[in-house]
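Trainee: For reference, the structure I am asking about is given below.
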Amino acid sequence: MKVGLLCVGWPGRHEVGGAARYAWRFAEMMRDDVDLHVITSEGGTPLPGATMHFLENGGGRFKHYYRFPFEVRRALRGLDLDILHAFGDDWALTGRRFSWVRTFHGSSLSEARASTGLRRWNHYVLGALEHSVRRRCDLAISVGPEGESEFKTDILIPPVIPRDGDFTPPEPSTKPTVTFIGTATGRKRGLMAASLVNEASRRTGLAIELRVVGPANDKKNWPAGVMHYSDPQDEEVTALIRESWLLIAPSAYEGFGIPAFEAASLGVPSVSSPNPGSEYIAQQIGNDELFAVRDDATFIDALVDRLTRGAPSQSSSIRAAVDAADALASQASKSRILELYSSLRTGRR
């Protein structure tokens, strides 16, 4: 089975967010079972075992959202795919001969409401394009309940990969550390994260270290004293989370929220702002000690409370919550994805 995986963001191209890391892991999971072709932006890191198709994408809003989809359409003309699984940027597709799977990682309309200025209006346009894709694709997958309700998707599959091997408890650092994944500005609200950590240090008297995982070109936007890890490898990000006392995700909008979920699956506590993704995960995990959701007024109190308790320990209730995270991840098993692909391929015959 010849499968194309379309994802504009890819590790190696200053893409360290959850969606890009998930795309890499998803491709790793599938490459031994299908003839995998990855369609992504130039500058990404090649994945062994997959045929890479790097397309021109010089950056900027217009090139990213409106030129790149036409590059995708041209590239697909030369590929005889059975399945195209797109994570976005597929609205320009026409005249296809393959089955089209689309994963909706969130809602551009919701992101527009959480944005300002030109970004806000850009995402209103993208929201209309997303709905045109939903009408035309063969199988629509949502990563959370918001996608189910807005796009009337066929199935919900969380954007995570099931654990490979037994659970290994985290090894928190000797000093208090907080991890944040994202950029200083925008919906991730990184500067708010830095302000929260400074306030927590003031209240507790602890020398709390904020570790930020983000693109190299964003490093200059962070205040002095922040430990910025620019474009790290996937394994490095996991290691940083495992050493953390806490991960914070004060994002204004998430369709799912991969970093906070990953922390939970590693047994590391997190505090997130309320949004469709965080509220869904909190409901599934059912343990406020491991996965907490707090509004802006009470976020600092939760941060201080957790850090004053010291390094996190692995109680029986935490382990039960990790098991709940694993149960959620199991919905994204390779066998389930392959079964969906096979049914679509059979249907087209």
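The way I read the labels, and the way they are meant: chains A, B, ... in the order of the structure tokens, residue 1 as the first residue of every chain, and ligand 1 as the first ligand shown, with later ones counted on from there.
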Report as number ranges by chain: the residues of region 22-145 of chain A with a DSSP assignment of strand (DSSP E), based on the backbone of this structure.
Mentor: A: 35-41, 51-55, 83-86, 99-104, 139-142
Trainee: Given the selection you just returned, output its residues as a file containing N, CA, C and O atoms, formatted as an mmCIF file, in the first residue's frame.
Mentor:
data_model
loop_
_atom_site.group_PDB
_atom_site.id
_atom_site.type_symbol
_atom_site.label_atom_id
_atom_site.label_comp_id
_atom_site.auth_asym_id
_atom_site.auth_seq_id
_atom_site.Cartn_x
_atom_site.Cartn_y
_atom_site.Cartn_z
ATOM 1 N N ASP A 35 4.342 1.551 1.983
ATOM 2 C CA ASP A 35 5.304 2.292 1.169
ATOM 3 C C ASP A 35 5.031 3.775 1.450
ATOM 4 O O ASP A 35 4.149 4.375 0.841
ATOM 5 N N LEU A 36 5.782 4.343 2.387
ATOM 6 C CA LEU A 36 5.460 5.662 2.927
ATOM 7 C C LEU A 36 6.191 6.775 2.186
ATOM 8 O O LEU A 36 7.416 6.744 2.033
ATOM 9 N N HIS A 37 5.417 7.776 1.766
ATOM 10 C CA HIS A 37 5.948 8.969 1.114
ATOM 11 C C HIS A 37 5.545 10.176 1.953
ATOM 12 O O HIS A 37 4.354 10.442 2.148
ATOM 13 N N VAL A 38 6.531 10.898 2.461
ATOM 14 C CA VAL A 38 6.276 12.067 3.298
ATOM 15 C C VAL A 38 6.372 13.318 2.439
ATOM 16 O O VAL A 38 7.404 13.562 1.792
ATOM 17 N N ILE A 39 5.294 14.100 2.426
ATOM 18 C CA ILE A 39 5.260 15.360 1.684
ATOM 19 C C ILE A 39 5.294 16.486 2.710
ATOM 20 O O ILE A 39 4.357 16.640 3.507
ATOM 21 N N THR A 40 6.382 17.253 2.694
ATOM 22 C CA THR A 40 6.552 18.280 3.714
ATOM 23 C C THR A 40 7.380 19.437 3.158
ATOM 24 O O THR A 40 7.727 19.464 1.974
ATOM 25 N N SER A 41 7.726 20.386 4.013
ATOM 26 C CA SER A 41 8.454 21.582 3.594
ATOM 27 C C SER A 41 9.941 21.316 3.459
ATOM 28 O O SER A 41 10.506 20.447 4.144
ATOM 29 N N THR A 51 10.167 7.691 1.787
ATOM 30 C CA THR A 51 10.567 8.512 0.645
ATOM 31 C C THR A 51 10.131 9.939 0.922
ATOM 32 O O THR A 51 8.942 10.204 1.134
ATOM 33 N N MET A 52 11.092 10.853 0.941
ATOM 34 C CA MET A 52 10.806 12.235 1.308
ATOM 35 C C MET A 52 10.564 13.086 0.063
ATOM 36 O O MET A 52 11.285 12.966 -0.932
ATOM 37 N N HIS A 53 9.587 13.953 0.140
ATOM 38 C CA HIS A 53 9.287 14.917 -0.923
ATOM 39 C C HIS A 53 9.272 16.295 -0.272
ATOM 40 O O HIS A 53 8.276 16.700 0.346
ATOM 41 N N PHE A 54 10.383 16.999 -0.390
ATOM 42 C CA PHE A 54 10.515 18.319 0.227
ATOM 43 C C PHE A 54 10.078 19.388 -0.769
ATOM 44 O O PHE A 54 10.648 19.504 -1.865
ATOM 45 N N LEU A 55 9.078 20.163 -0.395
ATOM 46 C CA LEU A 55 8.516 21.177 -1.274
ATOM 47 C C LEU A 55 8.922 22.571 -0.839
ATOM 48 O O LEU A 55 9.137 22.821 0.351
ATOM 49 N N ILE A 83 -3.376 6.009 -0.753
ATOM 50 C CA ILE A 83 -3.946 6.809 0.331
ATOM 51 C C ILE A 83 -3.141 8.089 0.490
ATOM 52 O O ILE A 83 -1.915 8.058 0.484
ATOM 53 N N LEU A 84 -3.826 9.207 0.646
ATOM 54 C CA LEU A 84 -3.186 10.430 1.118
ATOM 55 C C LEU A 84 -3.754 10.725 2.495
ATOM 56 O O LEU A 84 -4.968 10.876 2.654
ATOM 57 N N HIS A 85 -2.872 10.782 3.499
ATOM 58 C CA HIS A 85 -3.284 11.147 4.853
ATOM 59 C C HIS A 85 -2.720 12.535 5.127
ATOM 60 O O HIS A 85 -1.511 12.709 5.288
ATOM 61 N N ALA A 86 -3.592 13.516 5.172
ATOM 62 C CA ALA A 86 -3.174 14.913 5.319
ATOM 63 C C ALA A 86 -3.458 15.413 6.723
ATOM 64 O O ALA A 86 -4.515 15.134 7.294
ATOM 65 N N SER A 99 -7.526 7.602 -2.197
ATOM 66 C CA SER A 99 -8.412 7.865 -1.066
ATOM 67 C C SER A 99 -7.783 8.948 -0.199
ATOM 68 O O SER A 99 -6.569 8.959 0.017
ATOM 69 N N TRP A 100 -8.609 9.818 0.306
ATOM 70 C CA TRP A 100 -8.143 11.021 1.004
ATOM 71 C C TRP A 100 -8.584 10.967 2.459
ATOM 72 O O TRP A 100 -9.781 11.001 2.775
ATOM 73 N N VAL A 101 -7.603 10.870 3.356
ATOM 74 C CA VAL A 101 -7.844 10.891 4.794
ATOM 75 C C VAL A 101 -7.389 12.236 5.331
ATOM 76 O O VAL A 101 -6.290 12.698 4.996
ATOM 77 N N ARG A 102 -8.198 12.855 6.151
ATOM 78 C CA ARG A 102 -7.809 14.149 6.718
ATOM 79 C C ARG A 102 -7.937 14.099 8.241
ATOM 80 O O ARG A 102 -8.996 13.766 8.768
ATOM 81 N N THR A 103 -6.853 14.411 8.942
ATOM 82 C CA THR A 103 -6.892 14.575 10.387
ATOM 83 C C THR A 103 -7.029 16.060 10.705
ATOM 84 O O THR A 103 -6.199 16.869 10.289
ATOM 85 N N PHE A 104 -8.086 16.410 11.424
ATOM 86 C CA PHE A 104 -8.304 17.791 11.853
ATOM 87 C C PHE A 104 -7.690 17.953 13.246
ATOM 88 O O PHE A 104 -8.218 17.438 14.232
ATOM 89 N N LEU A 139 -12.385 10.264 4.448
ATOM 90 C CA LEU A 139 -12.445 9.912 5.867
ATOM 91 C C LEU A 139 -11.916 11.086 6.669
ATOM 92 O O LEU A 139 -10.800 11.563 6.433
ATOM 93 N N ALA A 140 -12.707 11.547 7.630
ATOM 94 C CA ALA A 140 -12.313 12.684 8.471
ATOM 95 C C ALA A 140 -12.071 12.195 9.888
ATOM 96 O O ALA A 140 -12.932 11.541 10.486
ATOM 97 N N ILE A 141 -10.892 12.513 10.413
ATOM 98 C CA ILE A 141 -10.491 12.127 11.759
ATOM 99 C C ILE A 141 -10.345 13.397 12.594
ATOM 100 O O ILE A 141 -9.733 14.364 12.158
ATOM 101 N N SER A 142 -10.891 13.380 13.801
ATOM 102 C CA SER A 142 -10.659 14.493 14.721
ATOM 103 C C SER A 142 -9.728 14.024 15.832
ATOM 104 O O SER A 142 -9.663 12.828 16.138
#
Trainee: Quick one: pick out all alpha helix (DSSP H) residues within region 171-299 of chain A from a backbone DSSP run and write them as an NGL selection string.
Mentor: :A and (190-204 or 234-243 or 258-265 or 276-285 or 299)
Trainee: Do you have the CA of Ser270 (chain A)-CA of Ala292 (chain A) distance handy?
Mentor: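 About the pair CA of Ser270 (chain A) and CA of Ala292 (chain A): they are 6.2 Å apart.
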Trainee: For a quick check of understanding, using only C-alpha atoms, which of A:Arg74, A:Arg187, A:Arg135, A:Arg309 has the smallest distance to Leu206 (chain A)?
Mentor: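 Using only C-alpha atoms, Leu206 (chain A) sits closest to A:Arg309.
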Trainee: Identify, on the basis of only C-alpha atoms, every residue whose closest approach to Asp234 (chain A) does not exceed 9 Å; exclude the query and any residue fewer than 4 positions from it along the same chain; express the result as number ranges by chain.
Mentor: A: 11, 16, 21, 24-25, 238-239
Trainee: Could you please take those selected residues and save N, CA and C atoms as a PDB file, in the first residue's frame?
Mentor:
ATOM      1  N   PRO A  11      10.218  18.141  11.812  1.00  0.00           N
ATOM      2  CA  PRO A  11      11.455  18.379  12.567  1.00  0.00           C
ATOM      3  C   PRO A  11      12.642  18.679  11.653  1.00  0.00           C
ATOM      4  N   VAL A  16       9.292  22.548  16.263  1.00  0.00           N
ATOM      5  CA  VAL A  16       9.440  21.714  17.453  1.00  0.00           C
ATOM      6  C   VAL A  16       8.110  21.584  18.202  1.00  0.00           C
ATOM      7  N   ARG A  21       6.237  17.066  15.833  1.00  0.00           N
ATOM      8  CA  ARG A  21       6.828  15.907  16.495  1.00  0.00           C
ATOM      9  C   ARG A  21       5.926  14.690  16.346  1.00  0.00           C
ATOM     10  N   TRP A  24       6.319  13.166  12.840  1.00  0.00           N
ATOM     11  CA  TRP A  24       7.530  12.339  12.750  1.00  0.00           C
ATOM     12  C   TRP A  24       7.286  10.976  13.392  1.00  0.00           C
ATOM     13  N   ARG A  25       6.715  10.973  14.569  1.00  0.00           N
ATOM     14  CA  ARG A  25       6.473   9.706  15.273  1.00  0.00           C
ATOM     15  C   ARG A  25       5.473   8.844  14.520  1.00  0.00           C
ATOM     16  N   THR A 238      11.828  14.756  25.129  1.00  0.00           N
ATOM     17  CA  THR A 238      11.319  13.781  26.097  1.00  0.00           C
ATOM     18  C   THR A 238      12.171  13.773  27.359  1.00  0.00           C
ATOM     19  N   ALA A 239      13.498  13.826  27.192  1.00  0.00           N
ATOM     20  CA  ALA A 239      14.400  13.828  28.349  1.00  0.00           C
ATOM     21  C   ALA A 239      14.182  15.066  29.214  1.00  0.00           C
TER      22      ALA A 239
END
Trainee: Write out as a list of chain:residue names each polymer residue whose atoms come within 7 Å of Gly277 (chain A), counting only C-alpha atoms; drop sequence neighbours fewer than 6 positions from it.
Mentor: A:Gly144, A:Glu254, A:Gly255, A:Phe256, A:Gly257
Trainee: Could you turn the residues from that selection into a file that holds all heavy atoms, as a compact mmCIF listing (two decimals), in the first residue's frame?
Mentor:
# COMPACT_ATOMS: atom_id res chain seq x y z
N GLY A 144 -9.95 15.45 18.88
CA GLY A 144 -10.66 15.73 20.12
C GLY A 144 -12.12 16.00 19.83
O GLY A 144 -12.55 16.05 18.66
N GLU A 254 -5.92 25.07 22.09
CA GLU A 254 -5.34 23.82 21.64
C GLU A 254 -6.47 22.90 21.19
O GLU A 254 -7.48 22.75 21.89
CB GLU A 254 -4.55 23.11 22.75
CG GLU A 254 -3.32 23.84 23.24
CD GLU A 254 -2.18 23.86 22.24
OE1 GLU A 254 -2.24 23.07 21.26
OE2 GLU A 254 -1.25 24.65 22.42
N GLY A 255 -6.28 22.26 20.02
CA GLY A 255 -7.24 21.26 19.60
C GLY A 255 -7.08 19.98 20.40
O GLY A 255 -8.03 19.23 20.61
N PHE A 256 -5.84 19.74 20.87
CA PHE A 256 -5.56 18.60 21.74
C PHE A 256 -4.60 19.02 22.84
O PHE A 256 -4.96 19.05 24.01
CB PHE A 256 -4.98 17.42 20.93
CG PHE A 256 -4.80 16.18 21.75
CD1 PHE A 256 -5.88 15.37 22.06
CD2 PHE A 256 -3.54 15.80 22.20
CE1 PHE A 256 -5.71 14.22 22.81
CE2 PHE A 256 -3.36 14.65 22.96
CZ PHE A 256 -4.45 13.86 23.26
N GLY A 257 -3.37 19.35 22.50
CA GLY A 257 -2.39 19.74 23.50
C GLY A 257 -1.40 18.63 23.76
O GLY A 257 -1.38 18.03 24.83
Trainee: Applying 7 Å and only C-alpha atoms, which residues near region 105-113 of chain A remain after dropping the ones on its own chain fewer than 3 positions away? List them as a list in words.
Mentor: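 In the requested form, the answer reads Arg120, Trp121, His123, Tyr124, Leu126, Gly127, Ser142, Val143, Gly147, Tyr253, Glu254 and Gly255 of chain A.
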Trainee: Which neighbours of region 27-32 of chain A fall inside 12 Å, counting only C-alpha atoms, when residues of the same chain fewer than 5 positions from it are skipped, and could you give them as a PyMOL selection string?
Mentor: chain A and resi 1-7+10-11+20-22+37-40+46-52+85+160-164+332-338+341
Trainee: Neighbours of Glu209 (chain A) within 12 Å (only C-alpha atoms; same-chain residues fewer than 3 positions away dropped), as an MDAnalysis selection string?
Mentor: chainID A and resid 173:180 193:194 196:198 200:201 206 212 224:228 243:247 307
Trainee: I'd like the interatomic distance between CA of Pro145 (chain A) and CA of Arg345 (chain A), to a tenth of an Å.
Mentor: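 Going from CA of Pro145 (chain A) over to CA of Arg345 (chain A), I get 26.7 Å.
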Trainee: Taking only C-alpha atoms into account, name the residue in A:Leu340, A:Ala216, A:Leu93, A:Ala184 that is nearest to Pro69 (chain A).
Mentor: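 For Pro69 (chain A), the nearest of the candidates is A:Leu93.
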